[in-house]
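Text of query17.csv, listed as CSV, C-alpha atoms:
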```csv
chain,number,residue,atom,x,y,z
U,1299,MET,CA,45.5,6.8,-113.3
U,1300,PHE,CA,44.5,9.6,-110.9
U,1301,TYR,CA,41.4,11.1,-109.1
U,1302,ARG,CA,39.1,12.9,-111.5
U,1303,THR,CA,36.4,15.4,-110.5
U,1304,ALA,CA,33.8,17.4,-112.5
U,1305,GLU,CA,30.8,19.5,-111.5
U,1306,SER,CA,27.5,20.4,-113.1
U,1307,VAL,CA,25.1,23.3,-112.4
U,1308,SER,CA,21.4,23.4,-113.0
U,1309,PRO,CA,19.7,25.7,-115.5
U,1310,LYS,CA,18.4,27.9,-112.6
U,1311,HIS,CA,22.0,28.6,-111.4
U,1312,PRO,CA,22.4,32.4,-111.7
U,1313,ASP,CA,25.4,32.1,-114.2
U,1314,LYS,CA,23.4,29.7,-116.3
U,1315,LEU,CA,20.4,32.0,-116.3
U,1316,CYS,CA,22.6,34.7,-117.7
U,1317,ASP,CA,24.0,32.3,-120.4
U,1318,GLN,CA,20.4,31.5,-121.3
U,1319,ILE,CA,19.4,35.1,-121.5
U,1320,SER,CA,22.3,35.9,-123.8
U,1321,ASP,CA,21.6,33.0,-126.1
U,1322,ALA,CA,17.8,33.6,-126.1
U,1323,ILE,CA,18.6,37.2,-127.3
U,1324,LEU,CA,20.9,35.7,-130.0
U,1325,ASP,CA,18.2,33.3,-131.1
U,1326,ALA,CA,15.6,36.0,-131.3
U,1327,TYR,CA,17.8,38.0,-133.7
U,1328,LEU,CA,18.8,35.0,-135.8
U,1329,ALA,CA,15.1,33.9,-136.2
U,1330,ALA,CA,14.4,37.0,-138.1
U,1331,ASP,CA,17.8,38.0,-139.4
U,1332,PRO,CA,20.2,35.1,-139.9
U,1333,ASP,CA,23.1,37.5,-140.7
U,1334,ALA,CA,22.7,39.4,-137.5
U,1335,ARG,CA,26.0,40.2,-135.6
U,1336,VAL,CA,25.3,39.6,-132.0
U,1337,ALA,CA,27.4,39.8,-128.8
U,1338,ALA,CA,25.1,40.0,-125.9
U,1339,GLU,CA,26.2,39.9,-122.3
U,1340,ALA,CA,23.9,39.6,-119.2
U,1341,CYS,CA,24.6,40.3,-115.5
U,1342,GLY,CA,21.7,39.6,-113.1
U,1343,GLY,CA,20.8,39.4,-109.5
U,1344,HIS,CA,18.5,40.6,-106.8
U,1345,GLY,CA,15.6,41.6,-109.0
U,1346,VAL,CA,17.7,43.4,-111.7
U,1347,VAL,CA,19.2,42.2,-115.0
U,1348,PHE,CA,21.6,44.3,-117.1
U,1349,VAL,CA,22.1,43.5,-120.8
U,1350,THR,CA,24.8,45.1,-122.8
U,1351,GLY,CA,26.7,44.3,-126.0
U,1352,GLU,CA,27.2,45.0,-129.7
U,1353,ILE,CA,24.4,44.1,-132.1
U,1354,THR,CA,24.1,44.9,-135.8
U,1355,SER,CA,20.8,43.7,-137.3
U,1356,THR,CA,18.0,44.5,-139.7
U,1357,VAL,CA,15.4,43.8,-137.0
U,1358,ASP,CA,14.6,44.9,-133.5
U,1359,VAL,CA,14.1,42.5,-130.6
U,1360,ASP,CA,12.1,43.2,-127.4
U,1361,ILE,CA,15.0,42.3,-125.1
U,1362,PRO,CA,13.2,42.9,-121.8
U,1363,SER,CA,10.5,40.4,-122.9
U,1364,VAL,CA,13.2,37.8,-123.6
U,1365,VAL,CA,14.9,38.4,-120.3
U,1366,LYS,CA,11.6,38.2,-118.3
U,1367,ARG,CA,10.6,34.9,-120.0
U,1368,ILE,CA,13.8,33.4,-118.5
U,1369,ALA,CA,14.3,35.4,-115.3
U,1370,GLY,CA,10.8,36.2,-114.3
U,1371,ASP,CA,9.6,39.6,-113.0
U,1372,VAL,CA,12.8,41.5,-112.9
U,1373,GLU,CA,13.8,45.1,-113.7
U,1374,VAL,CA,15.7,45.1,-117.0
U,1375,HIS,CA,18.3,47.7,-118.1
U,1376,THR,CA,19.9,47.6,-121.6
U,1377,LYS,CA,22.8,49.3,-123.3
U,1378,ILE,CA,23.2,48.0,-126.9
U,1379,VAL,CA,25.4,49.5,-129.6
U,1380,LYS,CA,26.3,48.4,-133.1
U,1381,GLN,CA,29.3,46.3,-133.8
U,1382,SER,CA,32.5,48.3,-134.0
U,1383,PRO,CA,33.1,49.1,-137.7
U,1384,GLU,CA,36.8,48.3,-137.2
U,1385,ILE,CA,35.8,44.7,-136.2
U,1386,ALA,CA,33.2,44.5,-138.9
U,1387,GLN,CA,35.6,45.4,-141.7
U,1388,GLY,CA,37.5,42.1,-141.0
U,1389,VAL,CA,34.4,40.0,-140.5
U,1390,ASP,CA,32.6,41.4,-143.6
U,1391,THR,CA,35.4,39.9,-145.8
U,1392,GLY,CA,35.0,36.5,-144.2
U,1393,GLY,CA,37.7,36.8,-141.6
U,1394,ALA,CA,37.5,35.6,-138.0
U,1395,GLY,CA,35.6,37.9,-135.6
U,1396,ASP,CA,38.5,37.7,-133.1
U,1397,GLN,CA,41.8,36.0,-132.4
U,1398,GLY,CA,41.8,33.0,-130.1
U,1399,ILE,CA,42.5,29.3,-129.5
U,1400,MET,CA,39.7,26.8,-129.7
U,1401,ILE,CA,39.9,23.3,-128.3
U,1402,GLY,CA,37.9,20.2,-129.3
U,1403,TYR,CA,37.9,17.0,-127.5
U,1404,ALA,CA,36.4,13.5,-127.7
U,1405,CYS,CA,37.1,10.2,-125.8
U,1406,ASP,CA,35.7,6.7,-125.7
U,1407,GLU,CA,34.9,6.7,-122.0
U,1408,THR,CA,31.1,7.3,-122.5
U,1409,PRO,CA,28.6,7.1,-125.4
U,1410,GLU,CA,28.6,10.9,-125.3
U,1411,MET,CA,32.3,10.8,-126.1
U,1412,LEU,CA,33.0,12.9,-123.0
U,1413,PRO,CA,34.9,12.2,-119.7
U,1414,LEU,CA,33.0,9.9,-117.4
U,1415,GLU,CA,33.1,12.4,-114.4
U,1416,VAL,CA,31.5,15.1,-116.6
U,1417,ILE,CA,28.7,12.9,-117.8
U,1418,LEU,CA,28.0,11.5,-114.3
U,1419,ALA,CA,27.9,15.0,-112.7
U,1420,ARG,CA,25.6,16.2,-115.5
U,1421,ARG,CA,23.3,13.2,-115.4
U,1422,LEU,CA,22.9,13.4,-111.6
U,1423,ASN,CA,22.1,17.1,-111.9
U,1424,GLN,CA,19.5,16.4,-114.6
U,1425,TYR,CA,18.0,13.6,-112.5
U,1426,ILE,CA,17.5,15.9,-109.6
U,1427,TYR,CA,16.4,18.9,-111.7
U,1428,GLU,CA,13.6,16.8,-113.4
U,1429,LYS,CA,12.0,16.5,-109.9
U,1430,TYR,CA,13.1,19.8,-108.4
U,1431,PRO,CA,13.6,22.4,-111.1
U,1432,TYR,CA,15.6,24.9,-108.9
U,1433,ASP,CA,19.1,26.2,-108.5
U,1434,GLY,CA,21.6,23.4,-107.7
U,1435,LYS,CA,25.0,21.9,-108.2
U,1436,THR,CA,26.4,18.4,-108.4
U,1437,GLN,CA,30.0,17.1,-108.3
U,1438,VAL,CA,31.4,13.6,-108.9
U,1439,THR,CA,34.9,12.4,-108.0
U,1440,ILE,CA,36.2,9.2,-109.6
U,1441,ALA,CA,38.9,7.1,-107.9
U,1442,PRO,CA,42.0,5.8,-109.7
U,1443,ASP,CA,40.3,2.4,-110.1
U,1444,GLY,CA,37.4,3.9,-112.0
U,1445,THR,CA,34.8,3.6,-109.2
U,1446,ILE,CA,33.0,6.5,-107.6
U,1447,ASP,CA,34.9,8.0,-104.6
U,1448,SER,CA,32.5,10.8,-103.7
U,1449,ILE,CA,29.4,12.7,-104.7
U,1450,VAL,CA,28.4,16.3,-103.8
U,1451,ALA,CA,24.8,17.5,-104.3
U,1452,SER,CA,23.5,20.9,-103.2
U,1453,PHE,CA,20.0,21.8,-104.4
U,1454,GLN,CA,17.6,24.6,-103.5
U,1455,ASN,CA,14.2,23.6,-101.9
U,1456,VAL,CA,15.2,19.9,-101.5
U,1457,PRO,CA,15.5,18.7,-97.9
U,1458,LYS,CA,18.7,16.7,-97.2
U,1459,GLY,CA,16.9,13.4,-96.7
U,1460,GLU,CA,15.0,13.7,-99.9
U,1461,LEU,CA,18.1,14.8,-101.8
U,1462,GLU,CA,20.1,11.9,-100.4
U,1463,LYS,CA,17.3,9.5,-101.5
U,1464,LEU,CA,17.5,10.9,-105.1
U,1465,VAL,CA,21.3,10.6,-105.2
U,1466,ARG,CA,21.1,7.0,-104.0
U,1467,GLU,CA,18.4,6.3,-106.6
U,1468,PHE,CA,20.7,7.6,-109.3
U,1469,VAL,CA,23.6,5.6,-108.0
U,1470,GLU,CA,21.5,2.4,-108.2
U,1471,LYS,CA,20.1,3.3,-111.6
U,1472,GLU,CA,23.5,3.9,-113.0
U,1473,GLY,CA,25.0,0.8,-111.4
U,1474,LEU,CA,27.8,2.8,-109.8
U,1475,GLU,CA,30.2,1.3,-107.3
U,1476,GLY,CA,32.9,2.6,-105.0
U,1477,LYS,CA,33.4,4.3,-101.6
U,1478,LEU,CA,30.5,6.6,-102.5
U,1479,GLU,CA,31.2,9.2,-99.8
U,1480,LEU,CA,28.1,11.5,-100.0
U,1481,HIS,CA,28.1,15.3,-99.2
U,1482,ILE,CA,24.4,16.3,-99.4
U,1483,ASN,CA,23.5,20.0,-98.9
U,1484,PRO,CA,26.8,20.2,-97.0
U,1485,ALA,CA,26.2,23.7,-95.9
U,1486,GLY,CA,22.6,22.9,-94.8
U,1487,ASP,CA,19.3,23.0,-96.5
U,1488,TRP,CA,18.5,26.1,-98.4
U,1489,GLN,CA,15.5,27.8,-100.0
U,1490,GLN,CA,17.0,31.0,-101.4
U,1491,GLY,CA,18.6,30.4,-104.8
U,1492,GLY,CA,19.0,31.8,-108.3
U,1493,PHE,CA,19.0,35.5,-108.7
U,1494,ASP,CA,17.4,35.9,-105.3
U,1495,ALA,CA,20.6,34.6,-103.6
U,1496,ASP,CA,23.5,35.5,-105.9
U,1497,THR,CA,24.5,37.4,-109.0
U,1498,GLY,CA,25.2,35.7,-112.3
U,1499,LEU,CA,27.2,36.6,-115.4
U,1500,THR,CA,27.4,35.3,-118.9
U,1501,GLY,CA,30.3,33.1,-119.6
U,1502,ARG,CA,31.3,32.3,-116.0
U,1503,LYS,CA,30.9,28.5,-116.2
U,1504,LEU,CA,33.5,27.9,-118.9
U,1505,ILE,CA,34.6,24.5,-117.6
U,1506,VAL,CA,31.0,23.2,-117.2
U,1507,ASP,CA,30.3,24.5,-120.7
U,1508,ASN,CA,33.3,22.6,-122.1
U,1509,TYR,CA,34.9,19.2,-121.2
U,1510,GLY,CA,35.4,19.4,-117.4
U,1511,PRO,CA,38.7,20.4,-115.6
U,1512,ARG,CA,40.7,17.5,-117.1
U,1513,VAL,CA,40.8,19.1,-120.6
U,1514,ALA,CA,42.3,22.5,-121.4
U,1515,ILE,CA,40.1,25.2,-122.9
U,1516,GLY,CA,40.8,28.1,-125.2
U,1517,GLY,CA,39.3,30.6,-122.8
U,1518,GLY,CA,36.5,32.2,-124.7
U,1519,CYS,CA,32.9,31.8,-123.7
U,1520,TYR,CA,30.1,30.9,-126.2
U,1521,SER,CA,26.8,32.3,-125.0
U,1522,GLY,CA,25.4,35.4,-126.7
U,1523,LYS,CA,27.8,35.2,-129.6
U,1524,ASP,CA,26.7,34.8,-133.2
U,1525,PRO,CA,28.7,32.2,-135.3
U,1526,SER,CA,31.0,34.8,-136.9
U,1527,LYS,CA,32.8,34.7,-133.6
U,1528,VAL,CA,35.2,31.8,-133.8
U,1529,ASP,CA,35.1,31.6,-130.0
U,1530,ARG,CA,31.9,29.7,-130.7
U,1531,SER,CA,31.8,28.4,-134.2
U,1532,ALA,CA,35.4,27.1,-134.4
U,1533,ALA,CA,35.1,25.5,-131.0
U,1534,TYR,CA,32.1,23.6,-132.2
U,1535,MET,CA,34.0,22.6,-135.3
U,1536,ALA,CA,36.9,21.5,-133.2
U,1537,ARG,CA,34.6,19.2,-131.3
U,1538,ARG,CA,33.1,17.8,-134.6
U,1539,ILE,CA,36.6,17.1,-135.9
U,1540,ALA,CA,37.6,15.4,-132.6
U,1541,VAL,CA,34.5,13.2,-132.9
U,1542,ASP,CA,35.2,12.4,-136.5
U,1543,TYR,CA,38.9,11.4,-135.8
U,1544,LEU,CA,37.8,9.4,-132.7
U,1545,ARG,CA,35.5,7.3,-134.8
U,1546,LYS,CA,37.7,7.1,-137.9
U,1547,ARG,CA,40.8,6.1,-136.1
U,1548,LYS,CA,39.0,4.0,-133.4
U,1549,ALA,CA,41.0,6.0,-130.9
U,1550,HIS,CA,40.7,6.3,-127.1
U,1551,GLU,CA,41.2,10.1,-127.0
U,1552,VAL,CA,41.4,13.0,-129.4
U,1553,LEU,CA,42.3,16.6,-128.8
U,1554,VAL,CA,42.0,19.3,-131.4
U,1555,ARG,CA,43.6,22.8,-131.4
U,1556,LEU,CA,42.5,25.6,-133.8
U,1557,ALA,CA,43.9,29.2,-133.7
U,1558,TYR,CA,42.8,32.3,-135.5
U,1559,ALA,CA,43.7,35.9,-136.0
U,1560,ILE,CA,41.0,38.6,-136.2
U,1561,GLY,CA,40.1,39.5,-139.7
U,1562,TYR,CA,42.0,36.5,-141.2
U,1563,ALA,CA,40.0,33.6,-142.5
U,1564,GLU,CA,42.3,30.6,-142.4
U,1565,PRO,CA,43.4,29.2,-139.0
U,1566,LEU,CA,47.0,29.8,-137.9
U,1567,GLU,CA,47.0,26.3,-136.3
U,1568,LYS,CA,45.0,23.2,-137.1
U,1569,THR,CA,46.4,20.4,-135.0
U,1570,VAL,CA,44.8,17.1,-134.0
U,1571,ILE,CA,46.3,14.8,-131.4
U,1572,VAL,CA,45.2,11.2,-131.6
U,1573,ASP,CA,46.1,9.1,-128.7
U,1574,GLY,CA,49.2,11.3,-128.0
U,1575,GLU,CA,50.3,11.6,-131.7
U,1576,ALA,CA,50.0,15.0,-133.3
U,1577,GLU,CA,49.3,15.7,-136.9
U,1578,GLU,CA,47.9,18.5,-139.1
U,1579,ILE,CA,44.1,18.4,-139.7
U,1580,GLU,CA,43.2,17.8,-143.3
U,1581,GLY,CA,39.9,17.7,-145.3
U,1582,TYR,CA,37.9,20.4,-143.6
U,1583,ASP,CA,37.1,24.0,-144.6
U,1584,LEU,CA,38.1,25.8,-141.4
U,1585,THR,CA,37.3,29.3,-142.5
U,1586,PRO,CA,34.5,31.0,-140.5
U,1587,ASN,CA,32.2,30.9,-143.5
U,1588,GLY,CA,33.1,27.3,-144.2
U,1589,ILE,CA,32.4,26.3,-140.6
U,1590,ILE,CA,29.1,28.2,-140.5
U,1591,LYS,CA,27.9,26.5,-143.7
U,1592,PHE,CA,29.1,23.0,-142.7
U,1593,LEU,CA,27.3,23.1,-139.3
U,1594,ASP,CA,24.4,25.4,-140.4
U,1595,LEU,CA,25.0,27.8,-137.6
U,1596,LYS,CA,22.9,30.8,-138.6
U,1597,ARG,CA,19.8,29.2,-137.0
U,1598,PRO,CA,18.1,30.0,-133.6
U,1599,ILE,CA,19.5,26.9,-131.9
U,1600,TYR,CA,21.5,28.4,-129.1
U,1601,GLU,CA,19.3,28.8,-126.0
U,1602,GLY,CA,19.4,25.0,-125.4
U,1603,THR,CA,23.2,24.9,-125.4
U,1604,ALA,CA,23.2,27.3,-122.4
U,1605,CYS,CA,21.7,24.8,-119.9
U,1606,TYR,CA,24.0,21.7,-119.5
U,1607,GLY,CA,27.1,22.4,-121.5
U,1608,HIS,CA,27.7,22.7,-125.2
U,1609,TYR,CA,28.9,19.1,-125.9
U,1610,GLY,CA,27.5,15.6,-125.5
U,1611,GLU,CA,23.8,16.7,-125.6
U,1612,GLY,CA,23.1,15.6,-129.2
U,1613,PHE,CA,24.0,18.8,-131.0
U,1614,ASP,CA,25.1,18.7,-134.6
U,1615,TRP,CA,28.7,19.1,-133.7
U,1616,ASP,CA,28.5,16.0,-131.5
U,1617,LYS,CA,27.4,13.8,-134.4
```
Target format structure tokens, applied to this file:
Amino acid sequence: MFYRTAESVSPKHPDKLCDQISDAILDAYLAADPDARVAAEACGGHGVVFVTGEITSTVDVDIPSVVKRIAGDVEVHTKIVKQSPEIAQGVDTGGAGDQGIMIGYACDETPEMLPLEVILARRLNQYIYEKYPYDGKTQVTIAPDGTIDSIVASFQNVPKGELEKLVREFVEKEGLEGKLELHINPAGDWQQGGFDADTGLTGRKLIVDNYGPRVAIGGGCYSGKDPSKVDRSAAYMARRIAVDYLRKRKAHEVLVRLAYAIGYAEPLEKTVIVDGEAEEIEGYDLTPNGIIKFLDLKRPIYEGTACYGHYGEGFDWDK
């Protein structure tokens, strides 16, 4: 065994604000037009948010109002065009909205079926955020013997002494043991956070959104994309398959790989690796339309995925 580290960021982190903006825009379209094609990207910071992308829909959405609900009193600039007809011609016939490789993962380390370091970093972040809902990061390193080696916590508007108290409360509540080297606001206490301190961008927290640095990812971000984009829908399906195989086989670890070509409905690869043994996935409709129908993905359900990662939070693809 080896050292394992994962981090988590709060919903007020500038990158996560941009993820939430993108997914809130997506939800606003899907609420009125379930067939909307949406690819919305946000970049924000220092009082300004830029939203750009490709959206084809039968409805109009007040994008600045959506942005301001999440980001506060900011100046909003938008540049939205319709989806490229050359992309649409492949999607209209049921093909994938892009090429790509999607990874699914599940393990028996935690009830959430995610790596322990990911869950501990996330839970600690949520524990602090409940009391201090500001910009912040947490990080947990697990030693080879399975105990906690170190914890890092940096949170806006939380004095070092109070933050250390919260971390120790969490450690006691979770019954954690180990060396427990603490790094609390290691660069000093800070009051300027979020868009006031830094810029954010949709899709820049890919490892946090996925399974932590121990597990490979396909590379595509999720937020702001409607489910015709297999970057999102097939990744969710890959997680669901991994969960299914983990339970069915009573396995310790399952990795799923799906690969697609733009405009083509069937996956080019559909591999599941169960405790190190690879086989071809059977028994699932893995076309984009099949996935969308199976997971009921044309609903306004996405803003909540943009806060603490897309897996292990009780979403339908986790069940």
Near-Pro1586 of chain U list (10 Å; only C-alpha atoms; drop same-chain fewer than 5 positions) as a CSV table (one decimal) with C-alpha atoms, in the frame of the given file:
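Below is the file that was written, out-v1.csv:
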```
chain,number,residue,atom,x,y,z
U,1389,VAL,CA,34.4,40.0,-140.5
U,1392,GLY,CA,35.0,36.5,-144.2
U,1393,GLY,CA,37.7,36.8,-141.6
U,1394,ALA,CA,37.5,35.6,-138.0
U,1395,GLY,CA,35.6,37.9,-135.6
U,1525,PRO,CA,28.7,32.2,-135.3
U,1526,SER,CA,31.0,34.8,-136.9
U,1527,LYS,CA,32.8,34.7,-133.6
U,1528,VAL,CA,35.2,31.8,-133.8
U,1531,SER,CA,31.8,28.4,-134.2
U,1532,ALA,CA,35.4,27.1,-134.4
U,1535,MET,CA,34.0,22.6,-135.3
U,1558,TYR,CA,42.8,32.3,-135.5
U,1562,TYR,CA,42.0,36.5,-141.2
U,1563,ALA,CA,40.0,33.6,-142.5
U,1564,GLU,CA,42.3,30.6,-142.4
U,1565,PRO,CA,43.4,29.2,-139.0
U,1591,LYS,CA,27.9,26.5,-143.7
U,1592,PHE,CA,29.1,23.0,-142.7
```
Item checked: Nearest candidate to Gly1343 of chain U (options U:Arg1421, U:His1550, U:Arg1466, U:His1311; using all atoms listed in the file) ->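 Looking at the shortest contact to Gly1343 of chain U, the residue is U:His1311.
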Contacts of Pro1383 of chain U within 12 Å, all atoms listed in the file, excl. fewer than 4 positions in-chain, as a PDB file with C-alpha atoms, in the frame of the given file:
```pdb
ATOM      1  CA  ARG U1335      26.000  40.200-135.600  1.00  0.00           C
ATOM      2  CA  GLU U1352      27.200  45.000-129.700  1.00  0.00           C
ATOM      3  CA  ILE U1353      24.400  44.100-132.100  1.00  0.00           C
ATOM      4  CA  THR U1354      24.100  44.900-135.800  1.00  0.00           C
ATOM      5  CA  VAL U1379      25.400  49.500-129.600  1.00  0.00           C
ATOM      6  CA  GLN U1387      35.600  45.400-141.700  1.00  0.00           C
ATOM      7  CA  GLY U1388      37.500  42.100-141.000  1.00  0.00           C
ATOM      8  CA  VAL U1389      34.400  40.000-140.500  1.00  0.00           C
ATOM      9  CA  ASP U1390      32.600  41.400-143.600  1.00  0.00           C
ATOM     10  CA  GLY U1395      35.600  37.900-135.600  1.00  0.00           C
TER      11      GLY U1395
END
```
Checklist line | Which residue of U:Glu1410, U:Gly1402, U:Tyr1543, U:Val1336 approaches Phe1613 of chain U most closely, using only C-alpha atoms | finding: U:Glu1410
Next item on the list: Point out the residue among U:Asp1507, U:Asp1333, U:Glu1407, U:Asp1529 with the least atom-to-atom distance to Thr1603 of chain U, counting all atoms listed in the file.
Entry: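 Of U:Asp1507, U:Asp1333, U:Glu1407, U:Asp1529, the one nearest Thr1603 of chain U, counting all atoms listed in the file, is U:Asp1507.
Take atom CA of Ile1378 of chain U and atom CA of Thr1500 of chain U: the distance between them is 15.6 Å.
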Note to self: Counting only C-alpha atoms, which residue out of U:Gly1607, U:Pro1598, U:Gly1522, U:Pro1484 sits closest to Tyr1509 of chain U?
What the structure shows: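 When distances to Tyr1509 of chain U are compared using only C-alpha atoms, the smallest one comes from U:Gly1607.
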Notebook entry, point to check: What is the atom CA of Ile1482 of chain U to atom CA of Ala1451 of chain U distance in Å?
Noted result: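 Distance reported for this atom pair: 5.1 Å.
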Note to self: List the spatial neighbours of Ala1404 of chain U as a ChimeraX atom specification - criterion: any atom at most 8 Å away, only C-alpha atoms, same-chain residues fewer than 5 positions off excluded.
What the structure shows: /U:1411-1412,1537,1540-1541,1544,1551-1553
Next item on the list: Mind checking which residues fall within 10 Å of Ile1440 of chain U, counting only C-alpha atoms, ignoring those fewer than 3 positions away in the same chain, and posting them as a PyMOL selection string?
Entry: chain U and resi 1300-1304+1414-1415+1418+1443-1449+1476-1478
Would you mind exporting C-alpha atoms of the selected residues as a short mmCIF file (atom, residue, chain, number, x, y, z; two decimals), keeping the file's coordinate frame?
```cif
data_model
loop_
_atom_site.label_atom_id
_atom_site.label_comp_id
_atom_site.auth_asym_id
_atom_site.auth_seq_id
_atom_site.Cartn_x
_atom_site.Cartn_y
_atom_site.Cartn_z
CA PHE U 1300 44.50 9.60 -110.90
CA TYR U 1301 41.40 11.10 -109.10
CA ARG U 1302 39.10 12.90 -111.50
CA THR U 1303 36.40 15.40 -110.50
CA ALA U 1304 33.80 17.40 -112.50
CA LEU U 1414 33.00 9.90 -117.40
CA GLU U 1415 33.10 12.40 -114.40
CA LEU U 1418 28.00 11.50 -114.30
CA ASP U 1443 40.30 2.40 -110.10
CA GLY U 1444 37.40 3.90 -112.00
CA THR U 1445 34.80 3.60 -109.20
CA ILE U 1446 33.00 6.50 -107.60
CA ASP U 1447 34.90 8.00 -104.60
CA SER U 1448 32.50 10.80 -103.70
CA ILE U 1449 29.40 12.70 -104.70
CA GLY U 1476 32.90 2.60 -105.00
CA LYS U 1477 33.40 4.30 -101.60
CA LEU U 1478 30.50 6.60 -102.50
#
```
Determine, counting all atoms listed in the file, every residue of protein, DNA or RNA that lies within 12 Å of (23.4, 15.0, -111.7) in the file coordinates, then give the result as an mmCIF file with C-alpha atoms, in the frame of the given file.
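Result file is point-v5.cif:
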```cif
data_model
loop_
_atom_site.group_PDB
_atom_site.id
_atom_site.type_symbol
_atom_site.label_atom_id
_atom_site.label_comp_id
_atom_site.auth_asym_id
_atom_site.auth_seq_id
_atom_site.Cartn_x
_atom_site.Cartn_y
_atom_site.Cartn_z
ATOM 1 C CA ALA U 1304 33.800 17.400 -112.500
ATOM 2 C CA GLU U 1305 30.800 19.500 -111.500
ATOM 3 C CA SER U 1306 27.500 20.400 -113.100
ATOM 4 C CA VAL U 1307 25.100 23.300 -112.400
ATOM 5 C CA SER U 1308 21.400 23.400 -113.000
ATOM 6 C CA PRO U 1309 19.700 25.700 -115.500
ATOM 7 C CA GLU U 1415 33.100 12.400 -114.400
ATOM 8 C CA VAL U 1416 31.500 15.100 -116.600
ATOM 9 C CA ILE U 1417 28.700 12.900 -117.800
ATOM 10 C CA LEU U 1418 28.000 11.500 -114.300
ATOM 11 C CA ALA U 1419 27.900 15.000 -112.700
ATOM 12 C CA ARG U 1420 25.600 16.200 -115.500
ATOM 13 C CA ARG U 1421 23.300 13.200 -115.400
ATOM 14 C CA LEU U 1422 22.900 13.400 -111.600
ATOM 15 C CA ASN U 1423 22.100 17.100 -111.900
ATOM 16 C CA GLN U 1424 19.500 16.400 -114.600
ATOM 17 C CA TYR U 1425 18.000 13.600 -112.500
ATOM 18 C CA ILE U 1426 17.500 15.900 -109.600
ATOM 19 C CA TYR U 1427 16.400 18.900 -111.700
ATOM 20 C CA GLU U 1428 13.600 16.800 -113.400
ATOM 21 C CA LYS U 1429 12.000 16.500 -109.900
ATOM 22 C CA TYR U 1430 13.100 19.800 -108.400
ATOM 23 C CA GLY U 1434 21.600 23.400 -107.700
ATOM 24 C CA LYS U 1435 25.000 21.900 -108.200
ATOM 25 C CA THR U 1436 26.400 18.400 -108.400
ATOM 26 C CA GLN U 1437 30.000 17.100 -108.300
ATOM 27 C CA VAL U 1438 31.400 13.600 -108.900
ATOM 28 C CA ILE U 1449 29.400 12.700 -104.700
ATOM 29 C CA VAL U 1450 28.400 16.300 -103.800
ATOM 30 C CA ALA U 1451 24.800 17.500 -104.300
ATOM 31 C CA SER U 1452 23.500 20.900 -103.200
ATOM 32 C CA PHE U 1453 20.000 21.800 -104.400
ATOM 33 C CA LEU U 1461 18.100 14.800 -101.800
ATOM 34 C CA LEU U 1464 17.500 10.900 -105.100
ATOM 35 C CA VAL U 1465 21.300 10.600 -105.200
ATOM 36 C CA ARG U 1466 21.100 7.000 -104.000
ATOM 37 C CA GLU U 1467 18.400 6.300 -106.600
ATOM 38 C CA PHE U 1468 20.700 7.600 -109.300
ATOM 39 C CA VAL U 1469 23.600 5.600 -108.000
ATOM 40 C CA GLU U 1472 23.500 3.900 -113.000
ATOM 41 C CA TYR U 1606 24.000 21.700 -119.500
#
```
Which residues are close to Arg1547 of chain U, i.e. within 12 Å by only C-alpha atoms, leaving aside same-chain residues fewer than 6 positions away? Reply as a PDB file with C-alpha atoms, keeping the file's coordinate frame.
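After the write, around-v6.pdb holds the following:
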```
ATOM      1  CA  CYS U1405      37.100  10.200-125.800  1.00  0.00           C
ATOM      2  CA  ASP U1406      35.700   6.700-125.700  1.00  0.00           C
ATOM      3  CA  ILE U1539      36.600  17.100-135.900  1.00  0.00           C
ATOM      4  CA  ALA U1540      37.600  15.400-132.600  1.00  0.00           C
ATOM      5  CA  VAL U1541      34.500  13.200-132.900  1.00  0.00           C
ATOM      6  CA  VAL U1570      44.800  17.100-134.000  1.00  0.00           C
ATOM      7  CA  ILE U1571      46.300  14.800-131.400  1.00  0.00           C
ATOM      8  CA  VAL U1572      45.200  11.200-131.600  1.00  0.00           C
ATOM      9  CA  ASP U1573      46.100   9.100-128.700  1.00  0.00           C
ATOM     10  CA  GLU U1575      50.300  11.600-131.700  1.00  0.00           C
TER      11      GLU U1575
END
```
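You will find atom CA of Arg1512 of chain U at 15.0 Å from atom CA of Thr1408 of chain U.
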Is there a way to complete segment 1332-1338 of chain U with N, CA and C atoms and then write that out as a compact mmCIF listing (two decimals), in the coordinates of the input?
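Once written, out.txt looks like this:
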```txt
# COMPACT_ATOMS: atom_id res chain seq x y z
N PRO U 1332 19.15 36.03 -140.08
CA PRO U 1332 20.20 35.10 -139.90
C PRO U 1332 21.64 35.66 -140.02
N ASP U 1333 21.76 36.84 -140.59
CA ASP U 1333 23.10 37.50 -140.70
C ASP U 1333 23.36 38.47 -139.59
N ALA U 1334 22.54 38.49 -138.56
CA ALA U 1334 22.70 39.40 -137.50
C ALA U 1334 24.09 39.19 -136.80
N ARG U 1335 24.75 40.26 -136.42
CA ARG U 1335 26.00 40.20 -135.60
C ARG U 1335 25.58 40.49 -134.18
N VAL U 1336 25.79 39.52 -133.32
CA VAL U 1336 25.30 39.60 -132.00
C VAL U 1336 26.41 39.28 -130.97
N ALA U 1337 26.61 40.14 -129.99
CA ALA U 1337 27.40 39.80 -128.80
C ALA U 1337 26.71 40.41 -127.63
N ALA U 1338 25.94 39.57 -126.95
CA ALA U 1338 25.10 40.00 -125.90
C ALA U 1338 25.52 39.43 -124.54
```
